[in-house]
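Q: Data: data-v8.tsv, TSV, C-alpha atoms (C1' of nucleotides).
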```tsv
chain	number	residue	atom	x	y	z
F	6	MET	CA	-14.31	18.43	-19.31
F	7	ALA	CA	-14.60	14.66	-19.56
F	8	ALA	CA	-13.28	13.84	-16.13
F	9	VAL	CA	-14.58	10.55	-14.77
F	10	ASP	CA	-16.00	9.75	-11.35
F	11	LEU	CA	-13.31	7.94	-9.42
F	12	THR	CA	-15.76	6.51	-6.92
F	13	THR	CA	-16.99	4.17	-9.65
F	14	HIS	CA	-13.48	2.87	-10.31
F	15	PRO	CA	-12.79	-0.40	-8.52
F	16	GLY	CA	-9.05	0.24	-8.48
F	17	HIS	CA	-9.46	3.53	-6.70
F	18	LEU	CA	-11.86	1.95	-4.24
F	19	ALA	CA	-9.46	-0.95	-3.62
F	20	ARG	CA	-6.69	1.47	-2.80
F	21	ARG	CA	-8.88	3.44	-0.42
F	22	LEU	CA	-9.98	0.23	1.26
F	23	GLN	CA	-6.42	-0.81	1.85
F	24	GLN	CA	-5.49	2.61	3.21
F	25	ALA	CA	-8.40	2.44	5.62
F	26	HIS	CA	-7.25	-0.98	6.73
F	27	TYR	CA	-3.66	0.17	7.14
F	28	LEU	CA	-4.85	2.98	9.37
F	29	LEU	CA	-6.91	0.74	11.60
F	30	TRP	CA	-4.20	-1.92	11.81
F	31	ASN	CA	-1.72	0.69	12.91
F	32	THR	CA	-3.89	1.96	15.74
F	33	MET	CA	-5.57	-1.28	16.84
F	34	VAL	CA	-3.09	-4.07	16.18
F	35	SER	CA	0.55	-3.02	16.03
F	36	GLU	CA	2.87	-0.26	14.94
F	37	GLU	CA	5.81	-2.66	14.68
F	38	ILE	CA	4.40	-5.63	12.83
F	39	THR	CA	2.54	-4.98	9.61
F	40	SER	CA	-0.32	-6.94	8.13
F	41	PRO	CA	1.82	-8.71	5.51
F	42	GLN	CA	4.34	-9.58	8.23
F	43	PHE	CA	1.55	-11.10	10.30
F	44	ALA	CA	0.45	-13.10	7.26
F	45	VAL	CA	3.95	-14.60	7.04
F	46	LEU	CA	4.03	-15.44	10.75
F	47	ASN	CA	0.61	-17.02	10.42
F	48	THR	CA	1.68	-19.18	7.48
F	49	LEU	CA	4.71	-20.42	9.38
F	50	VAL	CA	2.61	-21.28	12.41
F	51	ALA	CA	0.49	-23.50	10.17
F	52	GLU	CA	3.39	-24.96	8.21
F	53	PRO	CA	6.79	-24.64	9.87
F	54	GLY	CA	9.81	-25.35	7.72
F	55	LEU	CA	8.43	-23.89	4.51
F	56	ASP	CA	10.86	-22.28	2.09
F	57	GLN	CA	10.74	-18.61	1.18
F	58	ARG	CA	9.15	-18.98	-2.23
F	59	THR	CA	6.30	-21.12	-0.93
F	60	VAL	CA	5.55	-18.71	1.89
F	61	GLY	CA	5.36	-15.97	-0.69
F	62	GLU	CA	2.93	-18.03	-2.71
F	63	ARG	CA	0.74	-18.64	0.35
F	64	VAL	CA	0.44	-14.98	1.29
F	65	GLY	CA	0.50	-13.62	-2.24
F	66	LEU	CA	3.87	-11.89	-2.47
F	67	ASP	CA	6.46	-12.13	-5.22
F	68	ARG	CA	10.01	-13.38	-4.65
F	69	SER	CA	11.51	-9.95	-4.11
F	70	THR	CA	8.94	-8.66	-1.68
F	71	ILE	CA	8.81	-11.82	0.39
F	72	ALA	CA	12.61	-11.70	0.71
F	73	GLU	CA	12.41	-8.21	2.22
F	74	VAL	CA	9.60	-9.08	4.60
F	75	ILE	CA	11.40	-12.20	5.80
F	76	SER	CA	14.65	-10.33	6.22
F	77	ARG	CA	12.89	-7.82	8.48
F	78	LEU	CA	11.25	-10.56	10.54
F	79	GLY	CA	14.64	-12.25	10.84
F	80	ARG	CA	16.32	-9.04	12.02
F	81	ARG	CA	13.68	-8.74	14.73
F	82	GLY	CA	14.40	-12.30	15.82
F	83	LEU	CA	10.94	-13.62	14.99
F	84	LEU	CA	12.09	-16.37	12.63
F	85	ASP	CA	15.10	-18.50	11.75
F	86	LYS	CA	16.42	-19.21	8.30
F	87	VAL	CA	18.53	-22.32	7.60
F	88	ARG	CA	19.82	-23.83	4.38
F	89	ASP	CA	17.91	-26.90	3.33
F	90	PRO	CA	20.45	-29.76	3.56
F	91	GLN	CA	18.48	-31.58	0.85
F	92	ASP	CA	18.48	-28.65	-1.56
F	93	GLY	CA	21.17	-26.01	-1.32
F	94	ARG	CA	19.07	-23.39	-3.09
F	95	ARG	CA	16.38	-23.23	-0.46
F	96	PHE	CA	16.19	-21.62	2.96
F	97	LEU	CA	13.87	-23.29	5.44
F	98	LEU	CA	11.93	-20.93	7.68
F	99	ARG	CA	10.70	-21.50	11.19
F	100	LEU	CA	9.37	-19.18	13.88
F	101	THR	CA	11.34	-18.56	17.06
F	102	GLU	CA	9.69	-18.64	20.50
F	103	GLU	CA	9.38	-14.89	20.25
F	104	GLY	CA	7.84	-15.23	16.82
F	105	GLU	CA	5.16	-17.59	18.09
F	106	ARG	CA	4.46	-15.36	21.07
F	107	THR	CA	4.04	-12.37	18.77
F	108	HIS	CA	1.72	-14.31	16.51
F	109	ARG	CA	-0.50	-15.33	19.45
F	110	LYS	CA	-0.71	-11.79	20.73
F	111	LEU	CA	-1.56	-10.30	17.34
F	112	THR	CA	-4.12	-12.95	16.51
F	113	VAL	CA	-6.35	-11.68	19.30
F	114	ARG	CA	-5.95	-8.05	18.35
F	115	THR	CA	-6.48	-8.78	14.67
F	116	ALA	CA	-9.80	-10.45	15.40
F	117	ARG	CA	-10.93	-7.39	17.34
F	118	MET	CA	-9.79	-5.12	14.55
F	119	ASN	CA	-11.62	-7.09	11.88
F	120	GLN	CA	-14.83	-6.73	13.86
F	121	VAL	CA	-14.47	-2.97	14.00
F	122	PHE	CA	-13.45	-2.79	10.35
F	123	LEU	CA	-16.47	-4.79	9.18
F	124	GLY	CA	-18.69	-3.27	11.85
F	125	PRO	CA	-20.68	-1.10	9.40
F	126	LEU	CA	-21.89	-4.24	7.59
F	127	THR	CA	-24.48	-6.79	8.69
F	128	ALA	CA	-23.41	-10.42	8.96
F	129	GLU	CA	-24.95	-11.17	5.61
F	130	GLU	CA	-23.27	-8.20	3.98
F	131	GLN	CA	-19.95	-9.34	5.39
F	132	SER	CA	-20.28	-12.68	3.58
F	133	GLN	CA	-21.11	-10.83	0.39
F	134	PHE	CA	-18.15	-8.54	0.90
F	135	PHE	CA	-15.80	-11.54	1.12
F	136	ASP	CA	-17.46	-13.36	-1.73
F	137	LEU	CA	-17.46	-10.44	-4.17
F	138	ILE	CA	-13.88	-9.39	-3.51
F	139	ARG	CA	-12.61	-12.93	-3.64
F	140	ARG	CA	-14.30	-13.57	-6.97
F	141	VAL	CA	-12.93	-10.40	-8.56
F	142	ALA	CA	-9.43	-10.98	-7.24
F	143	ASP	CA	-9.37	-14.67	-8.22
F	144	ALA	CA	-10.60	-13.94	-11.73
F	145	ALA	CA	-7.98	-11.24	-12.35
F	146	GLU	CA	-5.36	-13.51	-10.84
F	147	GLY	CA	-6.41	-16.25	-13.26
F	148	LEU	CA	-5.90	-13.93	-16.23
F	149	ARG	CA	-2.14	-13.93	-15.87
F	150	ASN	CA	-1.60	-17.59	-16.80
F	151	PRO	CA	-3.41	-17.73	-20.15
F	152	GLY	CA	-3.23	-21.54	-20.38
F	153	GLU	CA	-4.38	-22.25	-16.84
F	154	PRO	CA	-8.07	-21.80	-16.08
F	155	THR	CA	-8.64	-20.74	-12.48
F	156	ALA	CA	-9.78	-24.14	-11.20
F	157	VAL	CA	-8.13	-26.94	-13.08
F	158	ARG	CA	-10.10	-30.17	-13.19
F	159	SER	CA	-7.52	-32.88	-13.81
A	15	MET	CA	-1.58	-24.73	15.85
A	16	ALA	CA	-3.89	-21.74	16.11
A	17	ALA	CA	-3.18	-20.33	12.70
A	18	VAL	CA	-6.06	-18.31	11.30
A	19	ASP	CA	-7.62	-18.42	7.84
A	20	LEU	CA	-6.36	-15.38	5.96
A	21	THR	CA	-9.15	-15.55	3.40
A	22	THR	CA	-11.53	-14.32	6.11
A	23	HIS	CA	-9.35	-11.28	6.84
A	24	PRO	CA	-10.56	-8.18	5.04
A	25	GLY	CA	-7.10	-6.63	5.07
A	26	HIS	CA	-5.58	-9.56	3.31
A	27	LEU	CA	-8.40	-9.57	0.80
A	28	ALA	CA	-8.00	-5.85	0.21
A	29	ARG	CA	-4.33	-6.30	-0.54
A	30	ARG	CA	-5.01	-9.14	-2.96
A	31	LEU	CA	-7.67	-7.07	-4.68
A	32	GLN	CA	-5.28	-4.23	-5.20
A	33	GLN	CA	-2.58	-6.51	-6.52
A	34	ALA	CA	-5.05	-8.00	-8.99
A	35	HIS	CA	-5.97	-4.52	-10.10
A	36	TYR	CA	-2.35	-3.45	-10.44
A	37	LEU	CA	-1.71	-6.44	-12.68
A	38	LEU	CA	-4.64	-5.75	-14.95
A	39	TRP	CA	-3.87	-2.03	-15.12
A	40	ASN	CA	-0.33	-2.78	-16.19
A	41	THR	CA	-1.38	-5.04	-19.03
A	42	MET	CA	-4.56	-3.28	-20.18
A	43	VAL	CA	-4.06	0.42	-19.47
A	44	SER	CA	-0.45	1.57	-19.25
A	45	GLU	CA	3.00	0.57	-18.12
A	46	GLU	CA	4.08	4.19	-17.80
A	47	ILE	CA	1.21	5.86	-16.00
A	48	THR	CA	-0.03	4.27	-12.80
A	49	SER	CA	-3.53	4.28	-11.42
A	50	PRO	CA	-2.80	6.94	-8.75
A	51	GLN	CA	-1.14	9.08	-11.43
A	52	PHE	CA	-4.26	8.80	-13.56
A	53	ALA	CA	-6.35	9.82	-10.57
A	54	VAL	CA	-4.29	13.02	-10.29
A	55	LEU	CA	-4.61	13.80	-14.00
A	56	ASN	CA	-8.34	13.19	-13.75
A	57	THR	CA	-8.70	15.55	-10.81
A	58	LEU	CA	-6.85	18.30	-12.66
A	59	VAL	CA	-9.03	17.87	-15.74
A	60	ALA	CA	-12.06	18.49	-13.56
A	61	GLU	CA	-10.50	21.33	-11.54
A	62	PRO	CA	-7.47	22.99	-13.15
A	63	GLY	CA	-5.41	25.25	-10.93
A	64	LEU	CA	-5.82	23.24	-7.75
A	65	ASP	CA	-2.97	23.24	-5.26
A	66	GLN	CA	-1.05	20.13	-4.33
A	67	ARG	CA	-2.64	19.52	-0.96
A	68	THR	CA	-6.17	19.72	-2.34
A	69	VAL	CA	-5.38	17.32	-5.16
A	70	GLY	CA	-4.05	14.91	-2.55
A	71	GLU	CA	-7.25	15.27	-0.60
A	72	ARG	CA	-9.36	14.57	-3.70
A	73	VAL	CA	-7.56	11.37	-4.62
A	74	GLY	CA	-6.82	10.23	-1.07
A	75	LEU	CA	-3.07	10.69	-0.77
A	76	ASP	CA	-1.10	12.35	2.03
A	77	ARG	CA	1.14	15.38	1.49
A	78	SER	CA	4.33	13.33	1.02
A	79	THR	CA	2.95	10.84	-1.45
A	80	ILE	CA	1.15	13.42	-3.54
A	81	ALA	CA	4.38	15.40	-3.78
A	82	GLU	CA	6.19	12.40	-5.25
A	83	VAL	CA	3.43	11.57	-7.71
A	84	ILE	CA	3.21	15.18	-8.89
A	85	SER	CA	6.95	15.43	-9.24
A	86	ARG	CA	6.93	12.38	-11.51
A	87	LEU	CA	4.09	13.76	-13.61
A	88	GLY	CA	5.97	17.06	-13.86
A	89	ARG	CA	9.16	15.32	-14.99
A	90	ARG	CA	7.18	13.62	-17.76
A	91	GLY	CA	5.83	16.98	-18.86
A	92	LEU	CA	2.21	16.14	-18.10
A	93	LEU	CA	1.59	19.04	-15.73
A	94	ASP	CA	2.89	22.50	-14.80
A	95	LYS	CA	3.52	23.82	-11.33
A	96	VAL	CA	3.52	27.54	-10.62
A	97	ARG	CA	3.69	29.51	-7.37
A	98	ASP	CA	0.39	31.01	-6.38
A	99	PRO	CA	0.95	34.82	-6.56
A	100	GLN	CA	-1.76	35.21	-3.91
A	101	ASP	CA	-0.20	32.74	-1.48
A	102	GLY	CA	3.51	31.99	-1.65
A	103	ARG	CA	3.14	28.66	0.10
A	104	ARG	CA	1.04	27.07	-2.61
A	105	PHE	CA	1.85	25.65	-6.01
A	106	LEU	CA	-0.95	25.77	-8.55
A	107	LEU	CA	-1.19	22.74	-10.82
A	108	ARG	CA	-2.44	22.54	-14.36
A	109	LEU	CA	-2.20	19.88	-17.07
A	110	THR	CA	-0.15	20.47	-20.19
A	111	GLU	CA	-1.49	19.66	-23.68
A	112	GLU	CA	0.34	16.38	-23.41
A	113	GLY	CA	-1.22	15.76	-20.01
A	114	GLU	CA	-4.71	16.25	-21.35
A	115	ARG	CA	-3.99	14.01	-24.31
A	116	THR	CA	-2.74	11.30	-22.00
A	117	HIS	CA	-5.79	11.59	-19.81
A	118	ARG	CA	-8.13	11.23	-22.79
A	119	LYS	CA	-6.31	8.16	-24.06
A	120	LEU	CA	-6.24	6.45	-20.68
A	121	THR	CA	-9.88	7.22	-19.91
A	122	VAL	CA	-10.94	4.94	-22.73
A	123	ARG	CA	-8.63	2.14	-21.74
A	124	THR	CA	-9.54	2.43	-18.08
A	125	ALA	CA	-13.22	1.98	-18.90
A	126	ARG	CA	-12.42	-1.20	-20.83
A	127	MET	CA	-10.26	-2.44	-18.00
A	128	ASN	CA	-12.93	-1.85	-15.39
A	129	GLN	CA	-15.35	-3.93	-17.43
A	130	VAL	CA	-12.96	-6.84	-17.53
A	131	PHE	CA	-12.07	-6.46	-13.86
A	132	LEU	CA	-15.72	-6.48	-12.76
A	133	GLY	CA	-16.66	-8.97	-15.45
A	134	PRO	CA	-17.16	-11.87	-13.03
A	135	LEU	CA	-19.95	-9.96	-11.25
A	136	THR	CA	-23.50	-9.28	-12.42
A	137	ALA	CA	-24.61	-5.65	-12.71
A	138	GLU	CA	-26.39	-5.91	-9.38
A	139	GLU	CA	-23.38	-7.46	-7.70
A	140	GLN	CA	-21.23	-4.65	-9.05
A	141	SER	CA	-23.39	-2.08	-7.28
A	142	GLN	CA	-23.11	-4.08	-4.08
A	143	PHE	CA	-19.36	-4.34	-4.53
A	144	PHE	CA	-19.09	-0.54	-4.73
A	145	ASP	CA	-21.52	0.03	-1.91
A	146	LEU	CA	-19.95	-2.40	0.55
A	147	ILE	CA	-16.38	-1.29	-0.05
A	148	ARG	CA	-17.31	2.37	0.09
A	149	ARG	CA	-19.14	1.95	3.38
A	150	VAL	CA	-16.27	0.06	5.02
A	151	ALA	CA	-13.66	2.50	3.77
A	152	ASP	CA	-15.68	5.58	4.73
A	153	ALA	CA	-16.35	4.27	8.23
A	154	ALA	CA	-12.69	3.49	8.91
A	155	GLU	CA	-11.76	6.85	7.44
A	156	GLY	CA	-14.20	8.52	9.84
A	157	LEU	CA	-12.55	6.85	12.82
A	158	ARG	CA	-9.41	8.96	12.53
A	159	ASN	CA	-11.03	12.30	13.48
A	160	PRO	CA	-12.72	11.39	16.78
A	161	GLY	CA	-14.65	14.64	17.02
A	162	GLU	CA	-15.86	14.72	13.43
A	163	PRO	CA	-18.71	12.39	12.51
A	164	THR	CA	-18.47	11.23	8.88
A	165	ALA	CA	-21.06	13.64	7.50
A	166	VAL	CA	-21.14	16.91	9.37
A	167	ARG	CA	-24.41	18.80	9.28
A	168	SER	CA	-23.54	22.44	9.89
O	1	DC	C1'	29.00	-38.30	-17.19
O	2	DG	C1'	28.16	-33.59	-18.74
O	3	DG	C1'	25.80	-29.68	-20.21
O	4	DA	C1'	21.14	-27.33	-20.87
O	5	DA	C1'	17.04	-26.02	-18.61
O	6	DA	C1'	14.69	-25.16	-14.41
O	7	DT	C1'	14.51	-23.32	-9.87
O	8	DA	C1'	15.56	-20.46	-5.24
O	9	DA	C1'	17.30	-16.52	-3.85
O	10	DT	C1'	19.51	-11.86	-4.42
O	11	DC	C1'	20.18	-7.29	-6.42
O	12	DA	C1'	19.15	-2.94	-8.88
O	13	DG	C1'	15.70	0.07	-10.11
O	14	DT	C1'	10.99	2.27	-9.92
O	15	DG	C1'	6.85	3.61	-7.66
O	16	DC	C1'	3.39	3.84	-3.87
O	17	DC	C1'	2.35	4.90	1.09
O	18	DC	C1'	2.83	6.55	5.69
O	19	DT	C1'	4.84	9.26	9.92
O	20	DG	C1'	7.51	12.81	12.11
O	21	DA	C1'	10.56	16.71	11.76
O	22	DC	C1'	11.61	20.90	9.40
O	23	DT	C1'	11.16	25.40	6.45
O	24	DA	C1'	8.69	29.04	4.51
O	25	DT	C1'	4.74	31.69	4.30
O	26	DC	C1'	0.52	33.52	5.83
O	27	DT	C1'	-3.14	34.92	9.30
O	28	DG	C1'	-5.18	36.61	13.34
O	29	DG	C1'	-5.12	38.89	17.66
O	30	DT	C1'	-3.20	42.18	20.71
U	26	DA	C1'	3.67	46.28	14.08
U	27	DC	C1'	4.43	42.12	16.23
U	28	DC	C1'	4.38	37.39	17.31
U	29	DA	C1'	1.94	32.87	17.97
U	30	DG	C1'	-0.41	29.52	15.53
U	31	DA	C1'	-1.95	27.55	11.28
U	32	DT	C1'	-0.89	25.96	6.73
U	33	DA	C1'	1.80	24.25	2.17
U	34	DG	C1'	5.47	21.96	0.92
U	35	DT	C1'	9.94	19.32	1.57
U	36	DC	C1'	12.96	15.85	3.53
U	37	DA	C1'	14.48	11.66	6.05
U	38	DG	C1'	13.25	7.23	7.08
U	39	DG	C1'	10.71	2.78	7.00
U	40	DG	C1'	7.83	-0.57	4.65
U	41	DC	C1'	5.22	-2.76	0.59
U	42	DA	C1'	5.10	-4.27	-4.35
U	43	DC	C1'	6.61	-5.20	-9.02
U	44	DT	C1'	10.00	-6.25	-13.11
U	45	DG	C1'	14.26	-7.67	-15.15
U	46	DA	C1'	18.96	-9.29	-14.58
U	47	DT	C1'	22.22	-12.22	-12.07
U	48	DT	C1'	24.07	-16.12	-9.16
U	49	DA	C1'	24.02	-20.61	-7.20
U	50	DT	C1'	22.22	-25.03	-7.17
U	51	DT	C1'	19.71	-28.89	-8.80
U	52	DT	C1'	17.56	-31.79	-12.25
U	53	DC	C1'	16.83	-33.91	-16.39
U	54	DC	C1'	18.24	-35.83	-20.67
U	55	DG	C1'	21.23	-37.51	-24.15
```
Can you turn what I pasted into structure tokens?

A:
Amino acid sequence: MAAVDLTTHPGHLARRLQQAHYLLWNTMVSEEITSPQFAVLNTLVAEPGLDQRTVGERVGLDRSTIAEVISRLGRRGLLDKVRDPQDGRRFLLRLTEEGERTHRKLTVRTARMNQVFLGPLTAEEQSQFFDLIRRVADAAEGLRNPGEPTAVRS
Amino acid sequence: MAAVDLTTHPGHLARRLQQAHYLLWNTMVSEEITSPQFAVLNTLVAEPGLDQRTVGERVGLDRSTIAEVISRLGRRGLLDKVRDPQDGRRFLLRLTEEGERTHRKLTVRTARMNQVFLGPLTAEEQSQFFDLIRRVADAAEGLRNPGEPTAVRS
DNA sequence: CGGAAATAATCAGTGCCCTGACTATCTGGT
DNA sequence: ACCAGATAGTCAGGGCACTGATTATTTCCG
């Protein structure tokens, strides 16, 4: 009595969507490198020499999680970590040759995977998909800093 | 050079969406009970006496994960677990009084939370949001059993 | 200069999520 | 009645994600 329909709960749907993505990534992209790990590699390709905290901010991971992900990438020899001589608190991150190679390889496979993943939608629906999810996620994200409206106009 | 734009990657978006939801759930619904835990409670309100595996199937969790979630709910006294006398492999699950009370309380809060979460979208956009995500998730889900098309007509 | 506040990273603890290997029980066919 | 295969659950192991507490370093102000 009084049970609700989970398929109308965005949180439940979001979880299922991520599971579906995880599954496809695992079979079509890589069993070694995960999607968040790829996001970190990608960020460091764009901006080498970033510190850990900033990378986390770029890919949307908190300090603890980003530390784990980076430690795993370091163990696999995909990136280097050196103390910032200007600021002894920071570690500066930079991909190794192997890290860049891995990023190139996965970029191709990821594109293929995204096509399959979004295959059931028309091109127009795909834009909507991005737009709707982005708006919901951004709005909820904005709720955490009460003083800071999402887009701050100086 | 050659870095991609993560905001056009559905996987990245899906992860951000779930994080946003997690955040809102934590502040608006409960810090004790998580969204997957609520999904289990909800399933057992609708169908008391289900076994573990079936509950997992209903909420979309594999055998290992559902075992952990159920064990936590059991520890908190929200559900009971008894051997099926008909089939010694199964455990039959059933909410306690406390479990039902918790479900009722959270149902109300969850509804409020969903409104806030989907607040940035119009009613029509909300239907699209559900439809698009469901279609993508279902299709990817269907890809795992090669022989079994998504909807099997006897 | 010197100490308080801010900041980068780590650690401990909890929970979700999956795979692959294993145990116990049940079922079906000979 | 037996045994092979299927099924329910557990366990080990790896990875993601968060909070709160702690440590080291820097910065800012009096």

Q: Near Leu55 of chain A, within 8 Å and counting only C-alpha atoms (C1' of nucleotides), which residues show up once chain neighbours fewer than 3 positions away are dropped, as a compact mmCIF listing (two decimals) with C-alpha atoms, in the frame of the given file?

A:
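File written: around-v8.txt
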```txt
# COMPACT_ATOMS: atom_id res chain seq x y z
CA GLN A 51 -1.14 9.08 -11.43
CA PHE A 52 -4.26 8.80 -13.56
CA LEU A 58 -6.85 18.30 -12.66
CA VAL A 59 -9.03 17.87 -15.74
CA LEU A 109 -2.20 19.88 -17.07
CA GLY A 113 -1.22 15.76 -20.01
CA GLU A 114 -4.71 16.25 -21.35
CA HIS A 117 -5.79 11.59 -19.81
```

Q: Which residue gives the smallest distance to Arg118 of chain A among F:Met33, F:Leu137, F:Val9, F:Ala19, with all atoms listed in the file counted?

A: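 Among F:Met33, F:Leu137, F:Val9, F:Ala19, it is F:Val9 that comes nearest to Arg118 of chain A.
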
Q: Would you mind listing what lies within 10 Å of DG15 of chain O as a PyMOL selection string, with only C-alpha atoms (C1' of nucleotides) counted and same-chain residues fewer than 6 positions away left out?

A: (chain A and resi 48+82-83+86) or (chain U and resi 42-43)

Q: Chain F near chain O within 8 Å: what's each residue's closest atom pair and its distance in Å to one decimal, counting all atoms listed in the file, ordered by chain then ascending residue number, as JSON lines?

A:
```
{"residue": "F:Arg58", "atom": "CA", "partner": "O:DA8", "partner_atom": "C1'", "distance": 7.2}
{"residue": "F:Arg68", "atom": "CA", "partner": "O:DA9", "partner_atom": "C1'", "distance": 8.0}
{"residue": "F:Arg94", "atom": "CA", "partner": "O:DA8", "partner_atom": "C1'", "distance": 5.1}
{"residue": "F:Arg95", "atom": "CA", "partner": "O:DA8", "partner_atom": "C1'", "distance": 5.6}
```

Q: For the selection just defined, write its residues with C-alpha atoms to a file, as a short mmCIF file (atom, residue, chain, number, x, y, z; two decimals), in the frame of the given file.

A:
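result_33.cif, written as the output of this step:
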```cif
data_model
loop_
_atom_site.label_atom_id
_atom_site.label_comp_id
_atom_site.auth_asym_id
_atom_site.auth_seq_id
_atom_site.Cartn_x
_atom_site.Cartn_y
_atom_site.Cartn_z
CA ARG F 58 9.15 -18.98 -2.23
CA ARG F 68 10.01 -13.38 -4.65
CA ARG F 94 19.07 -23.39 -3.09
CA ARG F 95 16.38 -23.23 -0.46
#
```

Q: Select all residues from chain A having any atom no more than 10 Å from an atom of chain U (counting all atoms listed in the file, ignoring ligands), output as a PyMOL selection string.

A: chain A and resi 33+36-37+65-67+77-78+81+101-105

Q: What does the distance from atom CA of Asp85 of chain F to atom CA of Pro41 of chain F come to in Å, to one decimal?

A: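 Separation between atom CA of Asp85 of chain F and atom CA of Pro41 of chain F: 17.6 Å.
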